[in-house]
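Everything below belongs to final_0.cif, which stores mmCIF, C-alpha atoms.
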data_data
#
loop_
_atom_site.label_atom_id
_atom_site.label_comp_id
_atom_site.auth_asym_id
_atom_site.auth_seq_id
_atom_site.Cartn_x
_atom_site.Cartn_y
_atom_site.Cartn_z
CA MET A 411 0.00 0.00 0.00
CA GLU A 412 1.23 3.47 -0.85
CA ASN A 413 2.58 5.36 2.17
CA SER A 414 0.91 8.76 1.78
CA ILE A 415 1.92 10.53 4.99
CA SER A 416 5.21 11.43 6.62
CA ARG A 417 6.76 8.95 9.06
CA LYS A 418 6.87 11.59 11.78
CA ILE A 419 3.17 12.37 11.54
CA GLY A 420 2.34 8.68 11.48
CA GLN A 421 4.29 8.23 14.71
CA PHE A 422 2.71 11.31 16.27
CA MET A 423 -0.79 10.12 15.36
CA GLU A 424 -0.14 6.84 17.12
CA ALA A 425 1.37 8.51 20.20
CA GLY A 426 -1.28 11.19 20.54
CA SER A 427 -4.41 9.25 19.72
CA TRP A 428 -5.71 8.13 23.12
CA ILE A 429 -8.53 10.66 23.37
CA ARG A 430 -9.44 10.06 19.73
CA ARG A 431 -9.52 6.30 20.34
CA MET A 432 -11.79 6.69 23.33
CA PHE A 433 -14.06 9.01 21.34
CA GLU A 434 -14.35 6.44 18.56
CA GLN A 435 -14.95 3.64 21.04
CA GLY A 436 -17.63 5.75 22.68
CA ALA A 437 -19.39 6.35 19.37
CA GLU A 438 -19.37 2.61 18.69
CA LEU A 439 -20.74 1.75 22.15
CA LYS A 440 -23.44 4.43 21.94
CA ALA A 441 -24.56 3.14 18.54
CA ARG A 442 -24.74 -0.40 19.92
CA TYR A 443 -26.26 0.17 23.37
CA GLY A 444 -27.81 3.65 23.20
CA ALA A 445 -26.20 6.87 24.39
CA GLU A 446 -28.05 6.76 27.72
CA ASN A 447 -26.34 3.45 28.56
CA VAL A 448 -22.79 4.64 27.89
CA PHE A 449 -20.92 6.76 30.43
CA ASP A 450 -18.47 8.88 28.49
CA PHE A 451 -15.94 10.74 30.64
CA SER A 452 -13.28 10.92 27.93
CA ILE A 453 -13.78 14.31 26.29
CA GLY A 454 -13.25 17.74 27.81
CA ASN A 455 -16.13 19.33 25.94
CA PRO A 456 -17.69 22.03 28.18
CA MET A 457 -21.18 21.28 29.40
CA GLY A 458 -24.06 23.67 28.89
CA GLU A 459 -24.46 26.57 26.53
CA PRO A 460 -22.60 29.90 26.51
CA PRO A 461 -23.89 32.44 29.05
CA ASP A 462 -26.94 34.45 28.02
CA ASN A 463 -25.09 37.77 27.90
CA PHE A 464 -22.61 36.33 25.42
CA ILE A 465 -25.42 34.88 23.28
CA ASN A 466 -27.12 38.28 23.29
CA ALA A 467 -23.84 39.96 22.35
CA LEU A 468 -23.43 37.49 19.50
CA LYS A 469 -26.92 38.31 18.21
CA THR A 470 -26.14 42.02 18.36
CA ALA A 471 -22.82 41.53 16.58
CA VAL A 472 -24.24 39.42 13.77
CA SER A 473 -27.11 41.88 13.24
CA ASP A 474 -24.86 44.94 12.95
CA PRO A 475 -25.44 46.34 9.41
CA THR A 476 -22.15 48.28 9.31
CA PRO A 477 -20.38 47.45 6.02
CA GLY A 478 -17.09 45.54 6.08
CA LEU A 479 -17.54 43.74 9.40
CA HIS A 480 -16.78 40.35 7.87
CA GLY A 481 -13.60 41.45 6.14
CA TYR A 482 -9.97 41.47 7.18
CA MET A 483 -8.82 43.48 10.14
CA PRO A 484 -5.28 44.02 11.54
CA ASN A 485 -3.64 40.64 12.08
CA ALA A 486 -3.50 41.26 15.83
CA GLY A 487 -7.28 41.67 15.93
CA TYR A 488 -9.75 44.54 16.16
CA PRO A 489 -8.11 47.49 17.96
CA HIS A 490 -11.30 48.36 19.86
CA VAL A 491 -11.71 44.76 21.10
CA ARG A 492 -8.09 44.60 22.21
CA LYS A 493 -8.56 47.91 24.04
CA ILE A 494 -11.60 46.56 25.91
CA LEU A 495 -9.79 43.32 26.70
CA ALA A 496 -6.67 45.19 27.84
CA GLU A 497 -8.70 47.24 30.32
CA HIS A 498 -10.38 44.08 31.61
CA LEU A 499 -7.11 42.14 31.96
CA SER A 500 -5.34 45.09 33.59
CA GLY A 501 -7.82 44.90 36.44
CA ASP A 502 -7.69 41.11 36.55
CA HIS A 503 -3.88 40.88 36.55
CA GLY A 504 -2.98 44.13 38.30
CA VAL A 505 -0.70 45.30 35.47
CA SER A 506 -1.08 48.13 32.97
CA LEU A 507 -1.88 46.47 29.65
CA THR A 508 -2.81 48.35 26.50
CA ALA A 509 -4.27 47.11 23.23
CA ASP A 510 -0.73 46.94 21.87
CA HIS A 511 0.16 44.20 24.38
CA LEU A 512 -2.51 41.84 23.00
CA ILE A 513 -2.88 39.62 19.95
CA MET A 514 -6.23 37.94 19.34
CA THR A 515 -5.66 34.32 18.30
CA VAL A 516 -7.41 31.21 17.01
CA GLY A 517 -7.82 29.67 20.45
CA ALA A 518 -5.09 28.72 22.90
CA ALA A 519 -3.61 26.30 20.37
CA GLY A 520 -3.14 29.16 17.95
CA ALA A 521 -1.70 31.34 20.72
CA LEU A 522 0.88 28.75 21.78
CA ASN A 523 1.94 27.95 18.23
CA VAL A 524 2.30 31.64 17.41
CA ALA A 525 4.34 32.27 20.56
CA LEU A 526 6.67 29.32 19.95
CA LYS A 527 7.14 30.32 16.31
CA ALA A 528 8.05 33.88 17.30
CA LEU A 529 10.36 33.02 20.22
CA VAL A 530 12.02 29.64 19.75
CA ASN A 531 14.79 28.76 17.29
CA ALA A 532 15.06 25.34 15.66
CA GLY A 533 17.11 23.05 17.89
CA GLU A 534 16.29 24.92 21.10
CA SER A 535 14.24 23.30 23.85
CA VAL A 536 10.83 23.76 25.43
CA LEU A 537 10.08 22.41 28.91
CA ILE A 538 6.73 20.66 29.41
CA PHE A 539 5.47 19.35 32.75
CA ALA A 540 3.97 15.89 33.17
CA PRO A 541 1.12 15.21 33.35
CA TYR A 542 0.58 17.49 30.34
CA PHE A 543 -1.90 18.28 27.60
CA VAL A 544 -0.66 15.91 24.93
CA GLU A 545 -0.57 18.46 22.10
CA TYR A 546 2.24 20.47 23.72
CA ARG A 547 4.88 18.06 22.45
CA PHE A 548 3.60 18.47 18.91
CA TYR A 549 3.52 22.25 19.19
CA ALA A 550 7.21 22.18 20.13
CA ASP A 551 7.95 19.97 17.14
CA ASN A 552 6.11 22.41 14.86
CA VAL A 553 9.04 24.82 15.34
CA ASN A 554 11.65 22.03 15.29
CA ALA A 555 12.28 22.45 19.00
CA ASN A 556 13.06 19.70 21.49
CA ALA A 557 10.36 18.92 24.04
CA ILE A 558 11.90 18.17 27.43
CA ILE A 559 9.46 16.49 29.81
CA VAL A 560 9.83 17.39 33.50
CA GLU A 561 7.92 15.39 36.10
CA THR A 562 5.82 17.20 38.67
CA ASP A 563 5.86 15.95 42.25
CA GLN A 564 3.47 13.47 43.87
CA THR A 565 0.89 16.22 44.41
CA PHE A 566 1.23 17.32 40.77
CA ASN A 567 2.91 20.54 41.87
CA LEU A 568 5.89 21.99 40.00
CA ASP A 569 9.16 20.51 41.25
CA ILE A 570 11.52 23.49 41.18
CA ASP A 571 14.60 21.35 41.89
CA ALA A 572 13.74 19.03 38.99
CA ILE A 573 13.32 22.05 36.73
CA GLU A 574 16.69 23.46 37.78
CA ASN A 575 18.34 20.12 37.03
CA VAL A 576 17.26 20.16 33.38
CA LEU A 577 17.63 23.86 32.66
CA GLU A 578 20.53 24.30 30.25
CA PRO A 579 21.47 26.98 27.72
CA GLY A 580 19.35 25.40 24.98
CA VAL A 581 16.09 25.97 26.88
CA LYS A 582 14.16 28.92 25.45
CA ALA A 583 10.65 28.49 26.86
CA LEU A 584 8.47 26.65 29.36
CA ILE A 585 4.78 25.87 28.95
CA ILE A 586 2.68 25.70 32.09
CA ASN A 587 -1.02 24.95 32.34
CA THR A 588 -2.86 26.21 35.43
CA PRO A 589 -5.48 25.08 36.35
CA ASN A 590 -4.03 21.92 34.88
CA ASN A 591 -5.44 19.44 32.41
CA PRO A 592 -5.56 16.57 33.44
CA THR A 593 -4.97 17.05 37.20
CA GLY A 594 -6.94 20.18 38.10
CA ARG A 595 -3.87 21.51 39.98
CA VAL A 596 -3.53 25.27 40.45
CA TYR A 597 0.08 26.36 40.98
CA SER A 598 0.45 28.61 44.01
CA GLU A 599 1.92 32.10 43.99
CA SER A 600 4.86 30.93 46.10
CA THR A 601 5.65 28.12 43.66
CA LEU A 602 5.43 30.42 40.66
CA THR A 603 7.56 33.03 42.40
CA ARG A 604 10.29 30.44 43.01
CA LEU A 605 10.06 29.44 39.35
CA ALA A 606 10.34 33.08 38.23
CA GLU A 607 13.41 33.61 40.41
CA LEU A 608 15.03 30.52 38.92
CA LEU A 609 14.28 31.62 35.35
CA ASP A 610 15.60 35.12 36.00
CA ALA A 611 18.84 33.67 37.34
CA LYS A 612 19.22 31.25 34.43
CA SER A 613 18.38 33.89 31.84
CA GLU A 614 21.19 36.00 33.28
CA ALA A 615 23.59 33.05 33.45
CA PHE A 616 22.84 31.82 29.92
CA GLY A 617 22.91 35.29 28.36
CA HIS A 618 19.50 34.91 26.71
CA PRO A 619 15.87 35.19 27.85
CA ILE A 620 13.80 32.21 28.94
CA TYR A 621 10.08 32.73 28.34
CA LEU A 622 7.19 31.36 30.36
CA LEU A 623 4.05 30.59 28.33
CA SER A 624 0.98 30.16 30.52
CA ASP A 625 -1.97 28.24 29.08
CA GLU A 626 -4.96 29.29 31.20
CA PRO A 627 -8.28 28.33 29.54
CA TYR A 628 -9.63 27.07 32.89
CA LYS A 629 -8.70 30.17 34.89
CA ARG A 630 -12.33 31.01 35.74
CA ILE A 631 -13.20 27.38 36.56
CA VAL A 632 -11.79 27.09 40.07
CA TYR A 633 -13.29 25.89 43.35
CA ASP A 634 -13.22 26.37 47.11
CA GLY A 635 -12.02 29.98 46.96
CA ILE A 636 -8.85 29.09 45.05
CA HIS A 637 -7.19 32.01 43.26
CA VAL A 638 -5.11 31.62 40.10
CA PRO A 639 -2.05 33.88 40.52
CA SER A 640 -1.14 36.32 37.77
CA LEU A 641 2.08 35.38 36.05
CA LEU A 642 2.20 38.86 34.56
CA GLN A 643 2.80 40.15 38.09
CA ILE A 644 5.32 37.43 38.92
CA TYR A 645 7.61 37.10 35.88
CA LYS A 646 8.54 39.83 33.42
CA ARG A 647 9.07 37.40 30.53
CA ALA A 648 5.64 35.78 30.92
CA LEU A 649 3.10 35.52 28.12
CA ILE A 650 -0.49 34.44 28.70
CA CYS A 651 -1.52 32.15 25.82
CA THR A 652 -5.12 31.17 26.39
CA SER A 653 -8.66 30.90 25.07
CA TYR A 654 -12.33 31.45 25.84
CA SER A 655 -13.24 27.85 25.01
CA LYS A 656 -13.97 26.82 28.58
CA GLU A 657 -15.01 30.01 30.37
CA LEU A 658 -17.58 30.82 27.67
CA SER A 659 -18.33 27.23 26.53
CA ILE A 660 -17.34 28.07 22.94
CA PRO A 661 -14.49 25.67 22.05
CA GLY A 662 -15.69 25.36 18.48
CA GLU A 663 -15.51 29.11 17.91
CA ARG A 664 -11.71 29.21 18.35
CA LEU A 665 -11.18 32.49 20.14
CA GLY A 666 -8.16 33.25 22.31
CA TYR A 667 -5.39 35.75 22.87
CA ILE A 668 -1.75 36.31 23.77
CA ALA A 669 -1.03 38.88 26.46
CA VAL A 670 2.57 40.07 26.66
CA ASN A 671 3.91 41.38 29.94
CA PRO A 672 4.38 45.15 29.39
CA ASP A 673 7.63 44.96 31.40
CA CYS A 674 9.12 42.27 29.14
CA PRO A 675 12.41 43.48 27.61
CA GLY A 676 11.96 43.96 23.88
CA ALA A 677 8.17 43.75 24.19
CA LYS A 678 7.47 45.91 21.12
CA THR A 679 9.65 43.80 18.83
CA MET A 680 8.13 40.63 20.30
CA ILE A 681 4.57 41.85 19.70
CA ASN A 682 5.42 42.65 16.09
CA ALA A 683 6.86 39.14 15.70
CA LEU A 684 3.80 37.53 17.29
CA THR A 685 1.51 39.47 14.96
CA PHE A 686 3.61 38.46 11.96
CA CYS A 687 3.53 34.79 12.98
CA ASN A 688 -0.23 34.94 13.47
CA ARG A 689 -0.37 35.74 9.76
CA ILE A 690 2.24 33.42 8.29
CA LEU A 691 1.10 30.34 10.23
CA GLY A 692 -2.16 30.65 8.33
CA PHE A 693 -4.39 31.85 11.16
CA VAL A 694 -4.33 35.40 9.64
CA ASN A 695 -6.64 36.70 12.37
CA ALA A 696 -8.98 35.43 15.06
CA PRO A 697 -12.64 35.00 14.01
CA ALA A 698 -14.13 38.45 13.40
CA LEU A 699 -17.63 37.75 14.70
CA MET A 700 -16.38 36.19 17.94
CA GLN A 701 -14.06 39.14 18.57
CA ARG A 702 -16.92 41.61 18.19
CA ALA A 703 -19.18 39.58 20.48
CA LEU A 704 -16.44 39.41 23.11
CA GLY A 705 -16.10 43.19 23.00
CA LEU A 706 -19.80 43.47 23.87
CA ALA A 707 -19.72 40.93 26.73
CA ILE A 708 -16.23 41.10 28.21
CA ASP A 709 -17.41 40.08 31.70
CA ALA A 710 -19.34 37.00 30.57
CA HIS A 711 -18.41 33.59 31.95
CA VAL A 712 -20.08 30.27 32.66
CA ASP A 713 -21.59 29.28 35.99
CA ILE A 714 -19.24 26.72 37.55
CA ALA A 715 -21.75 25.41 40.12
CA GLN A 716 -22.59 22.33 38.07
CA TYR A 717 -18.92 21.52 37.58
CA GLN A 718 -18.25 21.77 41.31
CA ASN A 719 -21.29 19.64 42.09
CA ASN A 720 -20.11 16.97 39.65
CA ARG A 721 -16.61 17.04 41.10
CA ASP A 722 -17.94 16.53 44.60
CA ILE A 723 -20.27 13.67 43.58
CA PHE A 724 -17.41 11.89 41.83
CA LEU A 725 -14.99 12.35 44.73
CA LYS A 726 -17.49 11.14 47.34
CA HIS A 727 -18.36 7.93 45.50
CA LEU A 728 -14.92 7.03 44.14
CA ARG A 729 -13.22 7.50 47.50
CA ARG A 730 -15.89 5.43 49.24
CA MET A 731 -15.12 2.60 46.82
CA GLY A 732 -11.37 2.80 47.46
CA TYR A 733 -10.16 4.80 44.47
CA GLU A 734 -7.27 7.17 45.23
CA VAL A 735 -7.81 10.64 43.80
CA SER A 736 -6.67 14.13 44.78
CA THR A 737 -9.15 17.01 44.90
CA PRO A 738 -8.96 19.16 41.76
CA GLU A 739 -8.64 22.86 42.51
CA GLY A 740 -9.83 23.85 39.04
CA ALA A 741 -10.72 22.70 35.50
CA PHE A 742 -13.18 19.79 35.13
CA TYR A 743 -11.11 16.62 35.33
CA LEU A 744 -10.21 13.99 37.90
CA PHE A 745 -6.83 12.31 37.57
CA VAL A 746 -7.37 9.03 39.40
CA ARG A 747 -4.72 6.51 40.41
CA SER A 748 -5.30 3.22 38.65
CA PRO A 749 -5.88 0.32 41.08
CA ILE A 750 -3.50 -1.70 38.91
CA GLU A 751 -0.17 -0.62 37.49
CA ASP A 752 -1.29 -0.90 33.87
CA ASP A 753 -3.61 2.07 33.37
CA VAL A 754 -4.43 1.00 29.81
CA ALA A 755 -5.62 -2.37 31.04
CA PHE A 756 -7.67 -0.74 33.78
CA VAL A 757 -9.37 1.61 31.32
CA ALA A 758 -10.21 -1.48 29.25
CA HIS A 759 -11.90 -2.98 32.35
CA LEU A 760 -13.97 0.19 32.69
CA ALA A 761 -14.94 0.04 29.02
CA LYS A 762 -16.51 -3.37 29.62
CA GLU A 763 -18.88 -1.53 31.95
CA LYS A 764 -19.48 1.03 29.16
CA ILE A 765 -17.44 3.61 31.11
CA LEU A 766 -15.03 5.62 28.99
CA ALA A 767 -11.88 7.13 30.54
CA VAL A 768 -8.46 8.10 29.17
CA PRO A 769 -5.32 6.32 30.40
CA GLY A 770 -2.75 8.47 32.14
CA GLN A 771 0.02 7.51 29.75
CA GLY A 772 -1.78 9.67 27.17
CA PHE A 773 -0.82 12.63 29.38
CA GLY A 774 2.70 11.47 30.15
CA ARG A 775 1.95 9.88 33.56
CA SER A 776 1.27 6.13 33.61
CA GLY A 777 -0.59 4.54 36.50
CA PHE A 778 -3.50 7.02 36.40
CA PHE A 779 -6.60 7.65 34.32
CA ARG A 780 -8.50 10.86 33.54
CA LEU A 781 -12.22 11.41 33.96
CA SER A 782 -13.88 14.49 32.52
CA TYR A 783 -16.85 15.57 34.60
CA CYS A 784 -18.40 18.01 32.13
CA VAL A 785 -21.45 15.71 31.93
CA THR A 786 -24.79 15.56 33.72
CA SER A 787 -24.79 14.55 37.37
CA GLU A 788 -27.15 11.73 36.39
CA THR A 789 -24.49 10.29 34.11
CA ILE A 790 -22.03 10.23 37.01
CA GLU A 791 -24.52 8.64 39.41
CA ASN A 792 -25.57 6.01 36.88
CA ALA A 793 -21.94 5.06 36.20
CA MET A 794 -21.13 4.40 39.85
CA PRO A 795 -22.25 0.72 39.95
CA GLY A 796 -19.87 0.01 37.07
CA PHE A 797 -16.96 1.74 38.80
CA GLU A 798 -17.67 -0.29 41.91
CA ARG A 799 -17.92 -3.61 40.10
CA VAL A 800 -14.56 -3.00 38.40
CA ILE A 801 -12.62 -2.10 41.53
CA ARG A 802 -14.25 -4.91 43.54
CA SER A 803 -13.31 -7.47 40.90
CA ILE A 804 -9.69 -6.28 40.96
CA LEU A 805 -9.29 -5.98 44.72
CA SER A 806 -11.08 -9.24 45.60
#
Would you give me this structure, written as C-alpha cells?
Amino acid sequence: MENSISRKIGQFMEAGSWIRRMFEQGAELKARYGAENVFDFSIGNPMGEPPDNFINALKTAVSDPTPGLHGYMPNAGYPHVRKILAEHLSGDHGVSLTADHLIMTVGAAGALNVALKALVNAGESVLIFAPYFVEYRFYADNVNANAIIVETDQTFNLDIDAIENVLEPGVKALIINTPNNPTGRVYSESTLTRLAELLDAKSEAFGHPIYLLSDEPYKRIVYDGIHVPSLLQIYKRALICTSYSKELSIPGERLGYIAVNPDCPGAKTMINALTFCNRILGFVNAPALMQRALGLAIDAHVDIAQYQNNRDIFLKHLRRMGYEVSTPEGAFYLFVRSPIEDDVAFVAHLAKEKILAVPGQGFGRSGFFRLSYCVTSETIENAMPGFERVIRSILS
C-alpha cells in the first residue's frame, strides 16, 4: 500500500491518539447500546451553553449592518476589542496592559503555536510538565524544538529542583497549564515566584531570555475559593496564551489571545513578531464575529456550580469505593490513580462496563486515568455501579 503521509506524523498520530480512540470507542458503544447506557468521561467538551449575555452579544454583533464587518482586520485583531480586553485584563492581573500588548488568536492552540514560532529557534528546547496536555509536544515539534518532559511531584505541583536540574542553555521556553489538564492543579503564587526567580537567574547566566508561556483556559473554573495567581505580576518574561473555550463554553468558535507582559524586555519587537507569525502560520486573524461579540460581553463567563457539584459527587463515591484521587482545585477533570499498574488495562476494564476514561500515559503519567466531569450529574450517578464492580473485581 502506498505510504501517503510522513513517518513523523504517522508516529505522532499513534502517540497522541488516546482521546481520539476513546471518542471512537464511545461512538461505537453508543450506537450499539444507546447513548443513555454509555458513560463517556473521555472528552473535555464544556457542558451547557454559553452564558446568556454572550449569546445576546453574539446576536447584536451578527445583526450589525455596518459594512465591512466580515472582512480582514489588523492581524493582531480589532483594535477596539483589544482595548476593551486590555482594560479588563489590567484589572484582573494588576498590570497596565494596552491594546498593543494583546494579539487575538485562534484559540489557545493558535496562541501557543504563534508564541513558539516567534520566540524559539530550531534546535532549542521547550520544557513541558507531566502530566501534560498531549498536544504540547507536537507544538514544540512544529518549530523544530526539542520537548523536554519534566515530572511534577506526587501532588502534581511543579518541582523546582527538577526544573533546575534540566535547565541548560538550549532551553528557550516553558509551557505551564494552570489550572491543569488533566490534574486540576492550580500552581500557588509561592511556587510560581520560586520558578520566576530561577528563570531570571538562568536567563542571566545563559545570556538569553527564557520565556514562560501560561496556558490558562480554565482560569475562571476554580473551586473552594482558590485564586489563580497572575504570572504577569510574577515574571517579566511571561506571556499568557489562552482561550475562551472553557469560560464561555465556545471551544468550536476558536477564540483566544496572547497577552505580553508590558515589562518584558523587547516587548514591542516581540509583539510585532507575534503578529507576523499569526499571519504566516495561516491563522491570519482570530474569528471576526467572535471578537466583536467578546467586545460586547467582556465580563461574561459560565456558571461553575454544576462543575463543582459533579466534582464533589465523583470524589465522594470514588473515595468510598477505594479509588485514590486528589481534589482538583480547578478545571473539570479527575486524575485518578489506577488500582492496577497498567492504566491502559484498567481503562479497558472500565470500558466493559461502558465507562469511557483516558489512560494516564496519554498525558505522560502512567498509572492514572483521567475522567472528565463536564457531563450531567445523572451520568455520574448512573456510572457508579460500574466503577464499583470493576474495583471490587480487581481488589477481591
(request) Could you check how far CA of Val694 (chain A) sits from CA of Ala677 (chain A), in Å to one decimal? (result)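 A separation of 20.9 Å between them.
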Report task. Run the PyMOL selection byres ((chain A and resi 468-483) around 7) mentally over the shown coordinates, then write out the matched residues as a list in words, using the chain letters and numbers from the document. Result ->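 Taken on the displayed file, the PyMOL selection byres ((chain A and resi 468-483) around 7) yields the residues Phe464, Ile465, Asn466, Ala467, Pro484, Asn485, Gly487, Tyr488, Ala698, Leu699, Arg702 and Ala703 of chain A.
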Which residues of region 559-653 of chain A come within 12 Å of region 764-775 of chain A, and for each one, what is the closest pair of atoms and their distance in Å to one decimal, counting only C-alpha atoms, sorted by chain and residue number, as a tab-separated table?
residue	atom	partner	partner_atom	distance
A:Ile559	CA	A:Gly774	CA	8.4
A:Val560	CA	A:Gly774	CA	9.9
A:Glu561	CA	A:Arg775	CA	8.5
A:Thr562	CA	A:Arg775	CA	9.7
A:Asp563	CA	A:Arg775	CA	11.3
A:Gln564	CA	A:Arg775	CA	11.0
A:Phe566	CA	A:Arg775	CA	10.4
A:Asn590	CA	A:Phe773	CA	11.3
A:Asn591	CA	A:Phe773	CA	8.8
A:Pro592	CA	A:Phe773	CA	7.4
A:Thr593	CA	A:Phe773	CA	9.9
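The coordinates place CA of Arg729 (chain A) at 27.1 Å from CA of Leu439 (chain A).
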request  = Tell me, as a ChimeraX atom specification, which residues lie within 8 Å of Val800 (chain A), counting only C-alpha atoms; anything in the same chain fewer than 6 positions away does not count.
outcome  = /A:759-760,763
| task | Find the residues near Pro489 (chain A): any atom within 10 Å, counting all atoms listed in the file, skip ones fewer than 3 places away on the same chain, and give them as a PyMOL selection string. | result | chain A and resi 483-484+486+492-495+509-510+512-514
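Shortest atom-to-atom contact with Leu744 (chain A) among A:Leu725, A:Ala437, A:Val638, A:Ala696: A:Leu725, counting all atoms listed in the file.
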Write out as a PyMOL selection string the residues lying within 8 Å of Tyr549 (chain A), counting all atoms listed in the file and excluding same-chain residues fewer than 3 positions away. chain A and resi 522-523+526+545-546+552-553
Between A:Ala525, A:Val670, A:Leu577, A:Leu584, smallest distance to Val505 (chain A) by all atoms listed in the file belongs to A:Val670
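Residues lying within 10 Å of Pro675 (chain A), counting all atoms listed in the file and ignoring same-chain neighbours fewer than 5 positions away, are A:Pro619, A:Lys646, A:Arg647, A:Met680.
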Those selected residues, please, written with C-alpha atoms and delivered as a short mmCIF file (atom, residue, chain, number, x, y, z; two decimals), in the coordinates of the input.
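Final file, part_6.cif:
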data_model
loop_
_atom_site.label_atom_id
_atom_site.label_comp_id
_atom_site.auth_asym_id
_atom_site.auth_seq_id
_atom_site.Cartn_x
_atom_site.Cartn_y
_atom_site.Cartn_z
CA PRO A 619 15.87 35.19 27.85
CA LYS A 646 8.54 39.83 33.42
CA ARG A 647 9.07 37.40 30.53
CA MET A 680 8.13 40.63 20.30
#
- Task: Carefully work through the PyMOL selection byres ((chain A and resi 748) around 6) for this structure and note down the residues it includes, as a PyMOL selection string.
- Result: chain A and resi 747+749-750+753+777-778
Need the axis-aligned box for region 561-567 of chain A with 6 Å each side, so what are the centre and edges in Å to one decimal, as AutoDock Vina command-line options?
--center_x 4.4 --center_y 17.0 --center_z 40.3 --size_x 19.0 --size_y 19.1 --size_z 20.3
Check: What does the PyMOL selection byres ((chain A and resi 686) around 12) select in this file, as JSON, numbers by chain?
Finding: {"A": [484, 485, 486, 513, 515, 524, 525, 527, 528, 529, 679, 680, 681, 682, 683, 684, 685, 687, 688, 689, 690, 691, 692, 693, 694, 695]}
- request: Determine the nearest neighbour of Ala648 (chain A) from the options A:Asp673, A:Asp709, A:Asp502, A:Glu497, counting only C-alpha atoms.
  value: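 Counting only C-alpha atoms, the residue closest to Ala648 (chain A) is A:Asp673.
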(message) Given the point (7.4, 23.4, 25.2) in the file's coordinates, find the residues that have an atom at most 10 Å from it, counting all atoms listed in the file, and give them as a ChimeraX atom specification.
(response) /A:522-523,526,530,534-539,545-551,555-559,581-586,622-623
Here CA of Pro461 (chain A) and CA of Ala669 (chain A) stand apart by 23.9 Å
Quick one: region 455-488 of chain A with C-alpha atoms, as a JSON list (two decimals), in the first residue's frame?
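File selection.json, as written:
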[["chain", "number", "residue", "atom", "x", "y", "z"],
["A", 455, "ASN", "CA", -16.13, 19.33, 25.94],
["A", 456, "PRO", "CA", -17.69, 22.03, 28.18],
["A", 457, "MET", "CA", -21.18, 21.28, 29.40],
["A", 458, "GLY", "CA", -24.06, 23.67, 28.89],
["A", 459, "GLU", "CA", -24.46, 26.57, 26.53],
["A", 460, "PRO", "CA", -22.60, 29.90, 26.51],
["A", 461, "PRO", "CA", -23.89, 32.44, 29.05],
["A", 462, "ASP", "CA", -26.94, 34.45, 28.02],
["A", 463, "ASN", "CA", -25.09, 37.77, 27.90],
["A", 464, "PHE", "CA", -22.61, 36.33, 25.42],
["A", 465, "ILE", "CA", -25.42, 34.88, 23.28],
["A", 466, "ASN", "CA", -27.12, 38.28, 23.29],
["A", 467, "ALA", "CA", -23.84, 39.96, 22.35],
["A", 468, "LEU", "CA", -23.43, 37.49, 19.50],
["A", 469, "LYS", "CA", -26.92, 38.31, 18.21],
["A", 470, "THR", "CA", -26.14, 42.02, 18.36],
["A", 471, "ALA", "CA", -22.82, 41.53, 16.58],
["A", 472, "VAL", "CA", -24.24, 39.42, 13.77],
["A", 473, "SER", "CA", -27.11, 41.88, 13.24],
["A", 474, "ASP", "CA", -24.86, 44.94, 12.95],
["A", 475, "PRO", "CA", -25.44, 46.34, 9.41],
["A", 476, "THR", "CA", -22.15, 48.28, 9.31],
["A", 477, "PRO", "CA", -20.38, 47.45, 6.02],
["A", 478, "GLY", "CA", -17.09, 45.54, 6.08],
["A", 479, "LEU", "CA", -17.54, 43.74, 9.40],
["A", 480, "HIS", "CA", -16.78, 40.35, 7.87],
["A", 481, "GLY", "CA", -13.60, 41.45, 6.14],
["A", 482, "TYR", "CA", -9.97, 41.47, 7.18],
["A", 483, "MET", "CA", -8.82, 43.48, 10.14],
["A", 484, "PRO", "CA", -5.28, 44.02, 11.54],
["A", 485, "ASN", "CA", -3.64, 40.64, 12.08],
["A", 486, "ALA", "CA", -3.50, 41.26, 15.83],
["A", 487, "GLY", "CA", -7.28, 41.67, 15.93],
["A", 488, "TYR", "CA", -9.75, 44.54, 16.16]]
